[in-house]
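Data from query-v2.cif: mmCIF, C-alpha atoms and all ligand atoms
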```
data_data
#
loop_
_atom_site.group_PDB
_atom_site.id
_atom_site.type_symbol
_atom_site.label_atom_id
_atom_site.label_comp_id
_atom_site.auth_asym_id
_atom_site.auth_seq_id
_atom_site.Cartn_x
_atom_site.Cartn_y
_atom_site.Cartn_z
ATOM 1 C CA MET A 1 -69.224 -34.295 -31.397
ATOM 2 C CA SER A 2 -72.182 -32.807 -29.587
ATOM 3 C CA CYS A 3 -72.845 -30.124 -27.019
ATOM 4 C CA GLY A 4 -75.426 -32.402 -25.353
ATOM 5 C CA ASN A 5 -78.404 -30.213 -26.133
ATOM 6 C CA PRO A 6 -81.235 -31.405 -28.357
ATOM 7 C CA HIS A 7 -81.398 -29.722 -31.757
ATOM 8 C CA ALA A 8 -84.047 -29.601 -34.463
ATOM 9 C CA THR A 9 -81.293 -30.393 -36.963
ATOM 10 C CA PRO A 10 -78.715 -33.049 -36.041
ATOM 11 C CA CYS A 11 -75.087 -31.903 -35.686
ATOM 12 C CA THR A 12 -73.966 -34.362 -38.365
ATOM 13 C CA GLU A 13 -76.346 -32.788 -40.856
ATOM 14 C CA VAL A 14 -75.242 -29.262 -39.949
ATOM 15 C CA LEU A 15 -71.569 -30.215 -40.277
ATOM 16 C CA SER A 16 -72.178 -31.752 -43.686
ATOM 17 C CA LEU A 17 -73.822 -28.488 -44.767
ATOM 18 C CA THR A 18 -71.243 -26.109 -43.290
ATOM 19 C CA TYR A 19 -69.099 -26.096 -46.427
ATOM 20 C CA LEU A 20 -72.064 -25.074 -48.611
ATOM 21 C CA TYR A 21 -73.156 -22.580 -45.989
ATOM 22 C CA VAL A 22 -69.766 -20.832 -45.983
ATOM 23 C CA ASP A 23 -69.774 -20.729 -49.773
ATOM 24 C CA GLY A 24 -73.283 -19.278 -49.834
ATOM 25 C CA GLU A 25 -74.393 -22.189 -52.009
ATOM 26 C CA ILE A 26 -76.967 -23.460 -49.546
ATOM 27 C CA ASP A 27 -80.702 -23.196 -50.141
ATOM 28 C CA GLU A 28 -82.863 -20.992 -47.942
ATOM 29 C CA VAL A 29 -84.453 -23.783 -45.876
ATOM 30 C CA HIS A 30 -81.097 -25.289 -44.943
ATOM 31 C CA TYR A 31 -79.609 -21.834 -44.442
ATOM 32 C CA LEU A 32 -82.161 -21.129 -41.694
ATOM 33 C CA GLU A 33 -81.635 -24.559 -40.125
ATOM 34 C CA VAL A 34 -77.868 -24.108 -40.005
ATOM 35 C CA THR A 35 -78.089 -20.512 -38.741
ATOM 36 C CA THR A 36 -80.389 -21.575 -35.888
ATOM 37 C CA HIS A 37 -78.221 -24.558 -35.046
ATOM 38 C CA LEU A 38 -74.975 -22.572 -34.990
ATOM 39 C CA SER A 39 -76.499 -20.084 -32.575
ATOM 40 C CA GLU A 40 -77.334 -22.832 -30.065
ATOM 41 C CA CYS A 41 -74.490 -25.320 -30.558
ATOM 42 C CA PRO A 42 -70.946 -24.169 -29.650
ATOM 43 C CA PRO A 43 -69.124 -27.210 -31.153
ATOM 44 C CA CYS A 44 -70.767 -26.681 -34.546
ATOM 45 C CA SER A 45 -70.214 -22.958 -34.258
ATOM 46 C CA ASP A 46 -66.481 -23.695 -33.761
ATOM 47 C CA SER A 47 -66.444 -25.893 -36.842
ATOM 48 C CA TYR A 48 -68.127 -23.169 -38.809
ATOM 49 C CA ALA A 49 -65.556 -20.611 -37.623
ATOM 50 C CA ALA A 50 -62.780 -23.002 -38.691
ATOM 51 C CA GLU A 51 -64.404 -23.394 -42.093
ATOM 52 C CA VAL A 52 -64.504 -19.608 -42.497
ATOM 53 C CA SER A 53 -60.790 -19.388 -41.611
ATOM 54 C CA ILE A 54 -59.998 -22.183 -44.049
ATOM 55 C CA LYS A 55 -61.854 -20.403 -46.819
ATOM 56 C CA ALA A 56 -59.944 -17.171 -46.157
ATOM 57 C CA MET A 57 -56.622 -19.028 -46.050
ATOM 58 C CA VAL A 58 -57.381 -20.974 -49.211
ATOM 59 C CA LYS A 59 -58.108 -17.707 -50.968
ATOM 60 C CA ARG A 60 -54.796 -16.282 -49.754
ATOM 61 C CA SER A 61 -52.611 -19.369 -50.196
ATOM 62 C CA CYS A 62 -54.022 -20.730 -53.421
ATOM 63 C CA GLY A 63 -54.611 -17.325 -54.989
ATOM 64 C CA GLY A 64 -57.643 -18.082 -57.106
ATOM 65 C CA ALA A 65 -56.044 -21.170 -58.630
ATOM 66 C CA GLU A 66 -58.045 -24.358 -58.464
ATOM 67 C CA ILE A 67 -57.974 -25.653 -54.897
ATOM 68 C CA THR A 68 -56.475 -29.103 -54.774
ATOM 69 C CA ALA A 69 -57.422 -31.591 -52.082
ATOM 70 C CA GLU A 70 -53.790 -31.488 -51.004
ATOM 71 C CA CYS A 71 -53.791 -27.728 -50.567
ATOM 72 C CA ARG A 72 -57.038 -27.848 -48.638
ATOM 73 C CA ALA A 73 -55.801 -30.648 -46.376
ATOM 74 C CA ARG A 74 -52.641 -28.678 -45.604
ATOM 75 C CA ILE A 75 -54.704 -25.630 -44.657
ATOM 76 C CA VAL A 76 -57.143 -27.657 -42.560
ATOM 77 C CA ALA A 77 -54.191 -29.064 -40.591
ATOM 78 C CA GLU A 78 -52.804 -25.565 -40.136
ATOM 79 C CA VAL A 79 -56.117 -24.210 -38.860
ATOM 80 C CA ARG A 80 -56.511 -27.145 -36.459
ATOM 81 C CA GLN A 81 -53.075 -26.354 -35.060
ATOM 82 C CA ILE A 82 -53.944 -22.688 -34.668
ATOM 83 C CA SER A 83 -57.217 -23.418 -32.843
ATOM 84 C CA ALA A 84 -55.447 -25.972 -30.610
ATOM 85 C CA THR A 85 -52.860 -23.319 -29.694
ATOM 86 C CA TYR A 86 -55.609 -20.794 -29.141
ATOM 87 C CA ARG A 87 -57.469 -23.089 -26.736
ATOM 88 C CA ASP A 88 -54.401 -23.869 -24.641
HETATM 89 ZN ZN ZN B 101 -74.284 -29.029 -33.423
#
```
Serialized structure, C-alpha cells:
Amino acid sequence: MSCGNPHATPCTEVLSLTYLYVDGEIDEVHYLEVTTHLSECPPCSDSYAAEVSIKAMVKRSCGGAEITAECRARIVAEVRQISATYRD
C-alpha cells in the first residue's frame, strides 16, 4: 500500500506505529514522523482514521473490559465493511 510519493518515513513503519500513535503511547520523535507522514500520505491517513474508529468502537463494544483479540478482529472487520460501503 503506497500513494506513490516518496516519504521520509516508510509507509510500513508508519502503519506499524499507528496503533501506538492512536493510544498516545508513541515517543515524541516517532509522533512527529507519523504526523508528517499522515499529512502527506492519504492511504496511511485512511488507516489511521480506521484505527481511530476501531478504538472508539472497542471502547463502546467492550466497555472497559479487557479487549480480546477476537473482539478486536470482529470490530476491525466491521470497520472495513463500513469504509467499503462509504467508498462505494
Ligand atoms: Zn504512507
- Message: Just to confirm, what's the straight-line distance from atom CA of Val34 of chain A to atom CA of Ala50 of chain A in Å (one decimal)?
- Response: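 Computed distance, atom CA of Val34 of chain A to atom CA of Ala50 of chain A, equals 15.2 Å.
Against this structure, the PyMOL selection byres (((chain A and resi 76-86) around 9) and not hetatm) ends up with Ala50, Glu51, Ser53, Ile54, Met57, Cys71, Arg72, Ala73, Arg74, Ile75, Arg87 and Asp88 of chain A.
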- Selected residue of minimal separation from Tyr19 of chain A among A:Tyr48, A:Ala56, A:Glu70, A:Cys41, counting all atoms listed in the file: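 Residue with the minimum atom-to-atom distance to Tyr19 of chain A: A:Tyr48.
Here atom CA of Cys11 of chain A stands at a distance of 24.1 Å from atom CA of Ala69 of chain A.
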- Enumerate, as a PyMOL selection string, the residues matched when the PyMOL selection byres (((not hetatm)) within 10 of (chain B and resi 101)) is run on the file above. chain A and resi 1-15+34+36-47
- Task: Can you work out the spacing between atom CA of His30 of chain A and atom CA of Val58 of chain A in Å, to one decimal?
- Result: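 Taking atom CA of His30 of chain A as the start and atom CA of Val58 of chain A as the end point, the length is 24.5 Å.
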- Message: Quick one: residues within 10 Å of Leu20 of chain A, all atoms listed in the file, excluding same-chain residues fewer than 6 positions away - as a ChimeraX atom specification?
- Response: /A:26-27,30-31
Using the block above, I'd like segment 13-45 of chain A written out, keeping N, CA and C atoms and formatting it as a compact mmCIF listing (two decimals), in the first residue's frame.
```txt
# COMPACT_ATOMS: atom_id res chain seq x y z
N GLU A 13 6.54 1.43 8.20
CA GLU A 13 6.93 1.85 9.54
C GLU A 13 5.80 2.65 10.19
N VAL A 14 5.21 3.56 9.41
CA VAL A 14 4.12 4.38 9.93
C VAL A 14 2.94 3.50 10.35
N LEU A 15 2.61 2.51 9.50
CA LEU A 15 1.48 1.64 9.80
C LEU A 15 1.73 0.80 11.05
N SER A 16 3.00 0.43 11.27
CA SER A 16 3.31 -0.36 12.46
C SER A 16 3.27 0.51 13.71
N LEU A 17 3.32 1.82 13.52
CA LEU A 17 3.31 2.75 14.67
C LEU A 17 1.93 3.34 14.93
N THR A 18 1.01 3.15 13.97
CA THR A 18 -0.30 3.79 14.07
C THR A 18 -1.03 3.45 15.38
N TYR A 19 -0.93 2.17 15.75
CA TYR A 19 -1.64 1.71 16.96
C TYR A 19 -1.14 2.46 18.20
N LEU A 20 0.18 2.62 18.30
CA LEU A 20 0.77 3.35 19.43
C LEU A 20 0.40 4.83 19.35
N TYR A 21 0.37 5.32 18.13
CA TYR A 21 0.06 6.73 17.90
C TYR A 21 -1.34 7.06 18.39
N VAL A 22 -2.30 6.19 18.02
CA VAL A 22 -3.70 6.39 18.43
C VAL A 22 -3.82 6.36 19.95
N ASP A 23 -3.06 5.44 20.56
CA ASP A 23 -3.12 5.28 22.01
C ASP A 23 -2.34 6.35 22.77
N GLY A 24 -1.60 7.18 22.03
CA GLY A 24 -0.80 8.21 22.67
C GLY A 24 0.39 7.64 23.41
N GLU A 25 0.80 6.44 23.02
CA GLU A 25 1.92 5.77 23.69
C GLU A 25 3.21 5.86 22.88
N ILE A 26 3.20 6.73 21.90
CA ILE A 26 4.34 6.85 21.00
C ILE A 26 5.29 7.93 21.53
N ASP A 27 6.58 7.76 21.28
CA ASP A 27 7.52 8.79 21.74
C ASP A 27 7.50 9.99 20.79
N GLU A 28 8.07 11.08 21.24
CA GLU A 28 7.95 12.35 20.52
C GLU A 28 8.52 12.32 19.10
N VAL A 29 9.68 11.67 18.95
CA VAL A 29 10.33 11.59 17.63
C VAL A 29 9.42 10.89 16.64
N HIS A 30 8.91 9.72 17.03
CA HIS A 30 8.03 8.97 16.15
C HIS A 30 6.71 9.69 15.94
N TYR A 31 6.24 10.37 16.97
CA TYR A 31 4.99 11.12 16.87
C TYR A 31 5.08 12.13 15.72
N LEU A 32 6.20 12.86 15.67
CA LEU A 32 6.39 13.86 14.62
C LEU A 32 6.50 13.21 13.24
N GLU A 33 7.20 12.08 13.19
CA GLU A 33 7.35 11.36 11.92
C GLU A 33 5.99 10.91 11.39
N VAL A 34 5.19 10.33 12.28
CA VAL A 34 3.88 9.83 11.88
C VAL A 34 2.96 10.98 11.49
N THR A 35 2.96 12.05 12.27
CA THR A 35 2.11 13.21 11.98
C THR A 35 2.43 13.77 10.59
N THR A 36 3.72 13.93 10.30
CA THR A 36 4.14 14.44 8.99
C THR A 36 3.69 13.50 7.89
N HIS A 37 3.93 12.22 8.10
CA HIS A 37 3.59 11.22 7.09
C HIS A 37 2.09 11.20 6.81
N LEU A 38 1.28 11.22 7.85
CA LEU A 38 -0.17 11.16 7.67
C LEU A 38 -0.69 12.36 6.88
N SER A 39 -0.02 13.49 7.03
CA SER A 39 -0.47 14.69 6.34
C SER A 39 -0.15 14.65 4.84
N GLU A 40 0.80 13.77 4.45
CA GLU A 40 1.18 13.73 3.03
C GLU A 40 0.86 12.40 2.36
N CYS A 41 0.28 11.45 3.09
CA CYS A 41 0.02 10.13 2.54
C CYS A 41 -1.42 9.69 2.80
N PRO A 42 -2.31 9.87 1.82
CA PRO A 42 -3.73 9.52 2.01
C PRO A 42 -3.98 8.07 2.44
N PRO A 43 -3.29 7.06 1.85
CA PRO A 43 -3.57 5.68 2.29
C PRO A 43 -3.29 5.47 3.78
N CYS A 44 -2.19 6.02 4.27
CA CYS A 44 -1.86 5.87 5.69
C CYS A 44 -2.82 6.68 6.55
N SER A 45 -3.23 7.82 6.03
CA SER A 45 -4.19 8.65 6.73
C SER A 45 -5.52 7.90 6.90
```
